[in-house]
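Below: my_file.cif (mmCIF, C-alpha atoms)
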data_start
#
loop_
_atom_site.label_atom_id
_atom_site.label_comp_id
_atom_site.auth_asym_id
_atom_site.auth_seq_id
_atom_site.Cartn_x
_atom_site.Cartn_y
_atom_site.Cartn_z
CA TYR Q 1 152.91 90.84 97.20
CA GLU Q 2 156.48 90.50 96.11
CA ILE Q 3 156.36 90.04 92.35
CA ARG Q 4 158.95 87.80 90.73
CA LEU Q 5 159.13 87.34 86.98
CA GLY Q 6 160.47 84.30 85.19
CA THR Q 7 162.20 85.48 82.03
CA TYR Q 8 162.78 82.99 79.21
CA TYR Q 9 165.59 83.18 76.70
CA GLY Q 10 164.33 81.05 73.84
CA HIS Q 11 166.28 79.37 71.08
CA THR Q 12 166.02 82.01 68.39
CA ALA Q 13 168.81 83.14 66.11
CA SER Q 14 168.92 86.66 67.54
CA VAL Q 15 169.00 85.57 71.19
CA GLN Q 16 171.53 82.85 70.44
CA ALA Q 17 173.85 85.32 68.74
CA ALA Q 18 173.51 87.88 71.52
CA LEU Q 19 174.26 85.43 74.32
CA ALA Q 20 177.15 83.85 72.45
CA VAL Q 21 178.86 87.16 71.81
CA SER Q 22 178.25 88.78 75.18
CA PRO Q 23 177.91 86.59 78.27
CA GLY Q 24 176.13 88.66 80.86
CA GLY Q 25 174.78 90.82 78.04
CA ARG Q 26 171.61 92.85 77.92
CA THR Q 27 168.29 91.09 77.29
CA PHE Q 28 165.18 93.12 77.98
CA THR Q 29 161.44 93.05 78.28
CA LYS Q 30 159.07 95.83 79.39
CA VAL Q 31 156.42 95.35 82.06
CA ARG Q 32 153.98 97.38 84.12
CA LEU Q 33 150.82 96.95 86.16
CA SER Q 34 147.62 98.23 84.60
CA GLY Q 35 147.46 101.08 87.11
CA ASP Q 36 150.98 102.28 86.32
CA GLU Q 37 151.52 105.31 84.14
CA HIS Q 38 155.00 104.30 82.97
CA TRP Q 39 156.79 101.15 81.84
CA ASP Q 40 159.60 99.41 83.70
CA THR Q 41 162.37 97.43 82.01
CA VAL Q 42 163.30 94.00 83.35
CA GLU Q 43 166.55 92.25 82.53
CA ALA Q 44 169.03 89.78 83.91
CA GLU Q 45 171.77 91.19 86.11
CA HIS Q 46 174.25 92.81 83.77
CA TYR Q 47 177.97 92.22 84.15
CA GLY Q 48 180.92 92.88 81.90
CA PRO Q 49 184.45 91.51 81.46
CA ARG Q 50 185.84 93.81 84.14
CA ASP Q 51 183.43 92.32 86.68
CA GLY Q 52 184.98 88.86 86.35
CA GLU Q 53 183.53 85.51 85.35
CA HIS Q 54 180.25 84.59 87.05
CA PRO Q 55 178.88 81.30 85.65
CA GLU Q 56 175.98 81.36 88.10
CA LYS Q 57 174.76 84.62 86.55
CA ARG Q 58 175.12 83.55 82.94
CA VAL Q 59 171.93 83.11 80.96
CA ASN Q 60 171.99 80.14 78.58
CA LEU Q 61 169.68 79.27 75.74
CA ASN Q 62 166.32 77.75 76.69
CA GLU Q 63 166.81 78.74 80.32
CA MET Q 64 164.56 80.78 82.55
CA LEU Q 65 165.87 83.36 84.98
CA GLU Q 66 163.79 84.63 87.87
CA VAL Q 67 163.99 88.36 88.53
CA ARG Q 68 162.64 90.10 91.62
CA TRP Q 69 160.67 92.97 90.18
CA ARG Q 70 158.84 94.87 92.94
CA VAL Q 71 156.50 94.81 95.92
CA ALA Q 72 152.98 96.06 95.23
CA MET Q 73 149.43 95.99 96.56
CA LEU Q 74 147.43 94.00 94.01
CA ASP Q 75 143.72 94.62 93.64
CA GLY Q 76 142.61 93.32 90.29
CA ASP Q 77 145.63 94.75 88.47
CA GLU Q 78 146.68 93.24 85.18
CA LEU Q 79 150.29 92.68 84.16
CA GLU Q 80 151.07 94.35 80.84
CA ILE Q 81 154.03 93.17 78.75
CA ALA Q 82 155.73 94.81 75.77
CA PRO Q 83 158.88 94.30 73.71
CA VAL Q 84 161.73 96.75 73.90
CA ASP Q 85 161.72 98.80 70.71
CA ARG Q 86 165.06 100.54 71.08
CA LYS Q 87 167.30 99.74 68.13
CA PHE Q 88 170.29 98.38 70.02
CA ALA Q 89 168.14 95.88 71.95
CA GLU Q 90 165.86 94.67 69.18
CA GLY Q 91 167.85 91.46 68.65
CA THR Q 92 168.02 90.49 72.31
CA LEU Q 93 164.39 90.24 73.27
CA ALA Q 94 163.42 88.09 76.20
CA SER Q 95 160.01 86.55 76.88
CA LEU Q 96 158.00 86.28 80.06
CA ALA Q 97 157.51 82.66 81.15
CA TYR Q 98 155.73 82.97 84.49
CA VAL Q 99 154.81 85.26 87.36
CA ARG Q 100 155.37 84.23 90.99
CA LEU Q 101 153.64 86.09 93.81
CA ILE Q 102 155.00 85.87 97.35
CA PRO Q 103 152.72 87.20 100.12
CA VAL Q 104 154.33 89.96 102.16
CA ASP Q 105 153.09 90.63 105.69
CA GLU Q 106 152.80 94.06 107.26
CA VAL Q 107 156.17 93.87 108.98
CA GLN Q 108 157.96 92.84 105.80
CA HIS Q 109 156.15 95.52 103.85
CA SER Q 110 157.21 98.23 106.28
CA THR Q 111 160.84 97.22 105.83
CA GLU Q 112 160.45 97.64 102.07
CA MET Q 113 159.16 101.19 102.39
CA SER Q 114 161.56 104.08 102.07
CA ARG Q 115 162.36 106.10 105.18
CA PRO Q 116 164.10 109.49 105.39
CA ASP Q 117 167.06 107.97 107.23
CA THR Q 118 167.66 105.32 104.56
CA LYS Q 119 167.47 107.48 101.41
CA ARG Q 120 171.18 107.30 100.65
CA LEU Q 121 171.35 105.69 97.20
CA VAL Q 122 172.60 107.50 94.10
CA ALA Q 123 171.61 106.53 90.54
CA VAL Q 124 174.16 107.20 87.79
CA PHE Q 125 172.98 107.58 84.19
CA ASP Q 126 176.27 108.35 82.55
CA GLY Q 127 177.80 108.30 79.11
CA THR Q 128 175.75 107.03 76.20
CA PHE Q 129 172.61 105.55 77.78
CA TYR Q 130 173.64 102.00 76.80
CA GLY Q 131 173.83 102.83 73.11
CA ASN Q 132 170.53 104.63 72.56
CA PHE Q 133 169.32 107.98 73.78
CA PRO Q 134 165.78 107.82 75.23
CA LYS Q 135 163.48 108.30 72.26
CA ASP Q 136 160.65 110.12 74.04
CA GLU Q 137 159.26 111.35 77.35
CA GLU Q 138 158.02 107.86 78.25
CA GLU Q 139 161.50 106.38 77.99
CA ILE Q 140 163.00 109.09 80.19
CA TRP Q 141 160.31 108.43 82.76
CA GLY Q 142 161.27 104.77 82.50
CA TYR Q 143 164.63 105.63 84.04
CA PHE Q 144 163.06 107.39 87.01
CA GLU Q 145 159.86 105.46 87.74
CA PRO Q 146 161.61 102.45 89.38
CA MET Q 147 163.01 104.85 92.00
CA ARG Q 148 159.58 105.94 93.19
CA GLY Q 149 159.25 105.28 96.92
CA SER Q 150 162.75 103.84 97.07
CA ASP Q 151 165.93 104.68 98.97
CA PHE Q 152 167.28 106.64 96.01
CA SER Q 153 167.58 110.34 96.72
CA LEU Q 154 169.96 111.60 94.04
CA VAL Q 155 170.44 111.12 90.30
CA PHE Q 156 173.51 111.93 88.21
CA TRP Q 157 172.07 112.54 84.72
CA ALA Q 158 174.41 112.80 81.72
CA THR Q 159 173.99 116.22 80.13
CA CYS Q 160 177.10 116.66 78.01
CA ARG Q 161 180.60 115.68 77.00
CA LEU Q 162 182.14 119.10 77.32
CA ASP Q 163 180.03 121.10 74.86
CA ALA Q 164 178.57 118.11 72.99
CA CYS Q 165 175.20 118.30 74.71
CA TYR Q 166 172.40 115.81 75.35
CA TYR Q 167 169.90 118.66 75.56
CA LEU Q 168 168.88 121.68 73.48
CA SER Q 169 171.72 123.83 74.75
CA GLU Q 170 172.26 127.44 73.73
CA VAL Q 171 175.80 127.41 75.17
CA GLY Q 172 177.03 124.10 73.80
CA ARG Q 173 176.30 122.08 70.66
CA PRO Q 174 173.31 119.71 70.77
CA LEU Q 175 174.11 116.28 69.34
CA THR Q 176 174.11 116.26 65.55
CA PRO Q 177 174.27 113.18 63.25
CA LEU Q 178 177.47 112.35 61.44
CA PRO Q 179 177.44 111.76 57.66
CA GLU Q 180 176.37 108.21 56.84
CA GLU Q 181 179.73 107.37 55.28
CA MET Q 182 181.65 108.13 58.47
CA LEU Q 183 182.54 105.34 60.90
CA ASN Q 184 180.58 105.97 64.04
CA ARG Q 185 179.74 103.71 66.96
CA ARG Q 186 177.29 106.31 68.29
CA THR Q 187 174.94 106.13 65.29
CA TYR Q 188 171.83 105.21 67.25
CA ILE Q 189 172.23 107.77 70.02
CA LEU Q 190 172.75 110.57 67.49
CA LYS Q 191 169.71 109.55 65.43
CA ASP Q 192 167.56 109.10 68.52
CA PHE Q 193 168.43 112.57 69.74
CA GLN Q 194 167.17 114.11 66.51
CA ARG Q 195 163.63 113.08 67.46
CA TRP Q 196 163.82 115.61 70.29
CA VAL Q 197 165.26 118.29 68.02
CA GLU Q 198 162.52 117.77 65.43
CA ARG Q 199 159.77 117.94 68.07
CA GLU Q 200 161.44 120.88 69.84
CA VAL Q 201 161.12 119.09 73.17
CA ASP Q 202 164.06 119.28 75.55
CA PRO Q 203 165.00 115.95 77.18
CA LEU Q 204 166.79 117.63 80.08
CA GLU Q 205 163.62 119.51 80.97
CA VAL Q 206 161.72 116.21 80.98
CA ALA Q 207 164.36 114.53 83.16
CA VAL Q 208 164.42 117.37 85.71
CA ASP Q 209 160.62 117.40 85.91
CA ALA Q 210 160.51 113.62 86.40
CA ALA Q 211 163.15 113.70 89.13
CA HIS Q 212 161.50 116.51 91.04
CA GLU Q 213 158.03 114.96 90.78
CA LEU Q 214 159.43 111.84 92.47
CA GLY Q 215 161.21 113.86 95.16
CA LEU Q 216 164.69 113.22 93.75
CA GLU Q 217 167.55 115.64 93.36
CA ILE Q 218 169.18 115.64 89.93
CA TYR Q 219 172.73 116.73 89.10
CA GLY Q 220 173.94 117.49 85.59
CA SER Q 221 176.74 115.04 84.78
CA MET Q 222 179.68 115.93 82.51
CA ARG Q 223 182.56 114.00 81.01
CA LEU Q 224 185.49 116.28 80.20
CA MET Q 225 185.78 114.58 76.85
CA GLY Q 226 186.43 115.84 73.38
CA VAL Q 227 187.27 113.15 70.83
CA GLU Q 228 187.58 109.38 70.96
CA ILE Q 229 190.24 107.01 69.66
CA PRO Q 230 190.36 106.80 65.83
CA PRO Q 231 188.64 105.71 63.70
CA PHE Q 232 185.73 106.73 65.93
CA HIS Q 233 187.33 110.01 66.94
CA GLN Q 234 184.47 112.30 65.96
CA PHE Q 235 181.68 111.97 68.54
CA HIS Q 236 178.99 113.85 66.61
CA GLY Q 237 178.49 115.93 63.52
CA ALA Q 238 178.73 119.50 64.82
CA PRO Q 239 181.93 121.47 65.34
CA THR Q 240 182.88 121.58 69.00
CA PHE Q 241 184.93 123.89 71.17
CA MET Q 242 187.71 121.34 70.97
CA THR Q 243 187.77 121.04 67.19
CA GLU Q 244 187.60 124.82 66.82
CA HIS Q 245 190.27 125.62 69.42
CA PRO Q 246 193.31 123.36 69.13
CA GLU Q 247 195.27 126.06 70.96
CA PHE Q 248 193.60 124.89 74.17
CA TRP Q 249 194.59 121.24 73.79
CA ALA Q 250 196.92 119.58 76.25
CA VAL Q 251 200.51 119.09 75.06
CA ASP Q 252 203.15 116.61 76.16
CA ALA Q 253 206.68 117.51 77.25
CA SER Q 254 207.86 117.58 73.63
CA GLY Q 255 205.12 120.03 72.64
CA ARG Q 256 202.99 117.50 70.77
CA ARG Q 257 199.26 118.08 71.07
CA VAL Q 258 197.21 115.50 72.95
CA PRO Q 259 193.44 115.21 72.16
CA HIS Q 260 192.22 116.59 75.48
CA LEU Q 261 191.31 120.12 76.46
CA SER Q 262 193.50 121.41 79.28
CA LEU Q 263 192.04 122.87 82.47
CA ALA Q 264 195.15 125.03 82.74
CA PHE Q 265 193.43 127.40 80.29
CA PRO Q 266 190.83 129.70 81.90
CA GLU Q 267 188.83 129.58 78.65
CA VAL Q 268 188.27 125.82 79.05
CA ARG Q 269 187.17 126.14 82.66
CA ASP Q 270 184.88 129.02 81.69
CA LEU Q 271 183.17 126.82 79.07
CA ILE Q 272 182.44 124.17 81.70
CA VAL Q 273 181.11 126.75 84.16
CA ARG Q 274 178.86 128.33 81.50
CA LEU Q 275 177.38 124.94 80.57
CA PHE Q 276 176.56 124.13 84.17
CA ARG Q 277 175.23 127.65 84.73
CA GLU Q 278 172.83 127.14 81.83
CA GLN Q 279 171.66 123.82 83.26
CA ALA Q 280 171.04 125.45 86.65
CA GLN Q 281 169.30 128.58 85.42
CA ARG Q 282 167.27 127.22 82.49
CA TYR Q 283 166.46 123.74 83.77
CA GLY Q 284 166.72 123.84 87.55
CA ILE Q 285 169.27 121.09 88.16
CA ASP Q 286 170.13 120.72 91.83
CA GLY Q 287 173.87 120.29 91.41
CA VAL Q 288 176.82 119.48 89.17
CA HIS Q 289 178.69 116.21 88.70
CA VAL Q 290 182.14 116.06 87.10
CA LEU Q 291 183.63 112.74 86.02
CA PHE Q 292 187.32 113.07 86.84
CA ASN Q 293 187.76 109.31 86.48
CA ARG Q 294 187.27 109.68 82.72
CA SER Q 295 188.94 111.63 79.94
CA PHE Q 296 192.23 112.32 81.69
CA PRO Q 297 194.83 113.86 81.50
CA PHE Q 298 193.37 117.23 82.46
CA VAL Q 299 196.67 119.12 82.48
CA LEU Q 300 200.07 118.23 81.01
CA PHE Q 301 202.69 120.78 79.90
CA GLU Q 302 200.69 123.64 78.44
CA GLU Q 303 202.07 127.18 78.51
CA PRO Q 304 200.15 128.27 81.66
CA PHE Q 305 201.31 125.17 83.51
CA VAL Q 306 204.97 125.58 82.47
CA ARG Q 307 204.89 129.28 83.41
CA ASP Q 308 203.21 128.77 86.78
CA PHE Q 309 205.46 125.85 87.67
CA ALA Q 310 208.61 127.83 86.83
CA GLU Q 311 207.42 130.75 88.96
CA ARG Q 312 206.69 128.43 91.87
CA TYR Q 313 209.70 126.11 91.75
CA GLY Q 314 212.26 127.84 89.52
CA GLU Q 315 212.53 124.87 87.14
CA ASP Q 316 211.25 123.77 83.77
CA PRO Q 317 208.71 120.99 84.49
CA ARG Q 318 209.33 119.39 81.10
CA ASN Q 319 212.76 118.26 82.27
CA LEU Q 320 211.52 116.46 85.39
CA ASP Q 321 210.67 112.84 86.05
CA PRO Q 322 206.89 112.28 85.62
CA SER Q 323 206.77 110.88 89.17
CA ASP Q 324 207.99 114.16 90.69
CA PRO Q 325 205.16 115.05 93.12
CA ARG Q 326 205.63 118.76 92.41
CA LEU Q 327 204.11 118.15 88.98
CA TRP Q 328 201.08 116.61 90.62
CA VAL Q 329 200.71 119.48 93.09
CA GLN Q 330 200.82 122.10 90.35
CA ARG Q 331 198.35 120.24 88.14
CA ALA Q 332 195.94 120.10 91.06
CA GLU Q 333 195.82 123.91 91.09
CA TYR Q 334 193.74 123.92 87.91
CA THR Q 335 191.24 121.21 88.83
CA THR Q 336 190.81 122.95 92.18
CA ALA Q 337 190.34 126.26 90.37
CA LEU Q 338 187.52 124.68 88.35
CA LEU Q 339 185.71 123.54 91.48
CA ARG Q 340 186.11 126.96 93.08
CA GLU Q 341 184.69 128.59 89.96
CA LEU Q 342 181.74 126.19 90.03
CA ARG Q 343 181.11 127.14 93.66
CA ALA Q 344 181.22 130.82 92.72
CA MET Q 345 178.76 130.17 89.89
CA SER Q 346 176.45 128.53 92.42
CA ASP Q 347 176.48 131.73 94.46
CA ASP Q 348 175.72 133.76 91.33
CA VAL Q 349 172.60 131.78 90.42
CA GLY Q 350 171.19 132.49 93.86
CA ARG Q 351 170.89 128.99 95.28
CA ARG Q 352 173.31 126.45 96.65
CA LEU Q 353 174.12 123.82 94.04
CA GLY Q 354 175.55 120.52 95.21
CA THR Q 355 178.88 119.39 93.78
CA ALA Q 356 179.77 115.76 93.12
CA VAL Q 357 182.91 114.29 91.58
CA HIS Q 358 183.98 110.86 90.44
CA ALA Q 359 187.67 110.39 91.23
CA MET Q 360 190.38 107.72 91.12
CA ASN Q 361 190.74 104.72 93.41
CA SER Q 362 193.56 105.93 95.71
CA LEU Q 363 195.04 109.13 97.08
CA ARG Q 364 198.22 108.59 95.06
CA ASN Q 365 196.39 108.01 91.79
CA ASN Q 366 194.24 111.06 92.40
CA LEU Q 367 197.25 113.27 93.06
CA TYR Q 368 199.06 111.90 90.02
CA PHE Q 369 196.23 113.17 87.82
CA GLY Q 370 195.99 116.47 89.67
CA LEU Q 371 192.98 115.61 91.84
CA ASP Q 372 193.57 116.86 95.39
CA ILE Q 373 190.46 115.35 96.93
CA VAL Q 374 191.67 116.00 100.50
CA ARG Q 375 191.98 119.70 99.76
CA TRP Q 376 188.60 119.76 98.08
CA ALA Q 377 186.98 118.23 101.14
CA LYS Q 378 188.74 120.62 103.54
CA GLU Q 379 187.73 123.65 101.47
CA GLY Q 380 184.13 122.45 101.22
CA LEU Q 381 184.30 122.33 97.43
CA ILE Q 382 182.58 118.95 97.10
CA ASP Q 383 179.48 117.42 98.66
CA HIS Q 384 179.74 113.92 97.16
CA LEU Q 385 182.91 111.96 96.40
CA VAL Q 386 182.57 108.78 94.34
CA LEU Q 387 185.59 106.49 94.05
#
Same coordinates, now as structure tokens:
Amino acid sequence: YEIRLGTYYGHTASVQAALAVSPGGRTFTKVRLSGDEHWDTVEAEHYGPRDGEHPEKRVNLNEMLEVRWRVAMLDGDELEIAPVDRKFAEGTLASLAYVRLIPVDEVQHSTEMSRPDTKRLVAVFDGTFYGNFPKDEEEIWGYFEPMRGSDFSLVFWATCRLDACYYLSEVGRPLTPLPEEMLNRRTYILKDFQRWVEREVDPLEVAVDAAHELGLEIYGSMRLMGVEIPPFHQFHGAPTFMTEHPEFWAVDASGRRVPHLSLAFPEVRDLIVRLFREQAQRYGIDGVHVLFNRSFPFVLFEEPFVRDFAERYGEDPRNLDPSDPRLWVQRAEYTTALLRELRAMSDDVGRRLGTAVHAMNSLRNNLYFGLDIVRWAKEGLIDHLVL
């Protein structure tokens, strides 16, 4: 049967407030069949302001929305329902109004089944896990279980923001709570992560095991990010490579520091390589994923860049128009160097790691930020390019 669930958004103060503030916002309920080991999370299709206005997708008070959940063989199974107990979602609970079963014949069922030639989908779990870090092994499995028997073959799993790590790293700094008096929009994720620290259970180990049990490859995903915009500039409570080494920050043409680490410094690239090496050797990730569409600029006018540019072109780059393509070409040397060093690390660990990158939306925009994706492809430095 194809199982469709009618989700009801009742007239309660919490639901009313959530829908009023965030059209297309997140409203959850958890479901599973009695024979399932793990829970699945059902919600309305999520969309944000950047996705445009979609009145037909908006959930209003006292309305029901039908969601296609899954196709399953039913033989006396019971449907189990539970509320979502993650802090950020506790005020946006949905209720289950009805279940609709649609018979599926053998031909239809065969089209639903995954085949080797159709396993081309990639799942991206990036950033801050929607405000809360998974609180336990069950919640991590909840991310992977819906991909069982599907056309998903690869998962990009957030492991760190530079050396602020979502796992019990020995190279980087595992997430640490900030003092209560500090402004922090990551409060829940930092507190949730401490549950893993206290239990001495590593969430990355759980994620890798879950992926591999389901026949999925899993790449460690990294944002090249240090601090955020004030007043939320401090991401977590531990010192980081960035806070301890301002000498490796990017600088603008006037010499003013910019709150990004620069890939022009070998020490910064080495940190990234060591983090991914740890994830490959200790945890068995299948590849690395670098988000170049976030946290730019990666190189500006740091001493190595100015020196190398002057040697190459005989000019001071700080005196040039920002649109001069020679600036872009030289900046690309350092992002390309990082990918070469990641490939070399892959050889060192004794197995071929895949390499994936998120990049910008055009060749020109990529080059402007020092991302020579054509060169990367020709040199075989990347296996997956996401635009």
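Between Arg148 (chain Q) and the candidates Q:Asp372, Q:Glu303, Q:Asp36, Q:Asp324, the tightest atom-to-atom separation, counting all atoms listed in the file, involves Q:Asp36.
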(message) as a PyMOL selection string, please: the residues near Asn366 (chain Q) (cut-off 10 Å, all atoms listed in the file, same-chain neighbours under 6 positions excluded).
(response) chain Q and resi 292-293+328+332+359-360+372-374+387
(message) Suppose a student applies the PyMOL selection byres ((chain Q and resi 342-358) around 8) to this structure; what residues should they get, written as a ChimeraX atom specification?
(response) /Q:219,273,277,280-281,286-293,338-341,359-360,381-387
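Here CA of Pro266 (chain Q) stands at a distance of 19.9 Å from CA of Arg173 (chain Q).
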(request) For region 151-153 of chain Q, list every protein, DNA or RNA residue within 8 Å, evaluated using all atoms listed in the file, and leave out those in the same chain fewer than 3 positions away; present the list as a count of residues only. (result) 12
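Evaluated against the shown file, the PyMOL selection byres ((chain Q and resi 106-110) around 10) gives Tyr1, Glu2, Val71, Ala72, Met73, Pro103, Val104, Asp105, Thr111, Glu112, Met113, Ser114 and Arg115 of chain Q.
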(request) Apply the PyMOL selection byres ((chain Q and resi 242) around 9) to the displayed file and report the matching residues as a PyMOL selection string. (result) chain Q and resi 162-163+226-227+239-241+243-249+259-261
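Our summary of the geometry notes that CA of Met222 (chain Q) is positioned 13.2 Å from CA of Glu278 (chain Q).
Take CA of Phe301 (chain Q) and CA of Ser262 (chain Q): the distance between them is 9.2 Å.
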(message) Just checking: using all atoms listed in the file, which residue out of Q:Gly220, Q:Gly370, Q:Gly284, Q:Pro174 ends up closest to Glu200 (chain Q)?
(response) Q:Pro174
(request) Rank Q:Pro203, Q:Gly237, Q:Pro134, Q:Pro297 by their smallest atom-to-atom distance to Asp252 (chain Q), using all atoms listed in the file, and report the top residue only. (result) Q:Pro297
(message) Env of Val206 (chain Q): 10 Å cut, atoms = all atoms listed in the file, seq-sep filter 3 positions within chain, self excluded. Answer as a list in words.
(response) Asp136, Glu137, Glu138, Ile140, Trp141, Val201, Asp202, Pro203, Asp209, Ala210, Ala211 and Tyr283 of chain Q
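Using all atoms listed in the file, the set of residues no farther than 6 Å from the position (197.7, 119.8, 78.8) comprises Ala250, Val251, Ser262, Val299, Leu300, Phe301 and Glu302 of chain Q.
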Export of the given selection (C-alpha atoms) as an mmCIF file, keeping the file's coordinate frame:
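What landed in part.cif:
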data_model
loop_
_atom_site.group_PDB
_atom_site.id
_atom_site.type_symbol
_atom_site.label_atom_id
_atom_site.label_comp_id
_atom_site.auth_asym_id
_atom_site.auth_seq_id
_atom_site.Cartn_x
_atom_site.Cartn_y
_atom_site.Cartn_z
ATOM 1 C CA ALA Q 250 196.920 119.580 76.250
ATOM 2 C CA VAL Q 251 200.510 119.090 75.060
ATOM 3 C CA SER Q 262 193.500 121.410 79.280
ATOM 4 C CA VAL Q 299 196.670 119.120 82.480
ATOM 5 C CA LEU Q 300 200.070 118.230 81.010
ATOM 6 C CA PHE Q 301 202.690 120.780 79.900
ATOM 7 C CA GLU Q 302 200.690 123.640 78.440
#
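Nearest to Ile218 (chain Q) of all the residues Q:Tyr334, Q:Phe144, Q:Tyr167, Q:Trp39 is Q:Phe144, counting all atoms listed in the file.
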(message) Restricting the calculation to all atoms listed in the file: of Q:Leu101, Q:Leu271, Q:Ile285, Q:Met64, which residue gets closest to Phe156 (chain Q)?
(response) Q:Ile285
Region 262-270 of chain Q, all listed atoms, 6 Å padding on each side: what axis-aligned box centre and edge lengths in Å to one decimal come out, as lines of an AutoDock Vina configuration file?
center_x = 190.0
center_y = 125.6
center_z = 80.7
size_x = 22.3
size_y = 20.3
size_z = 16.1
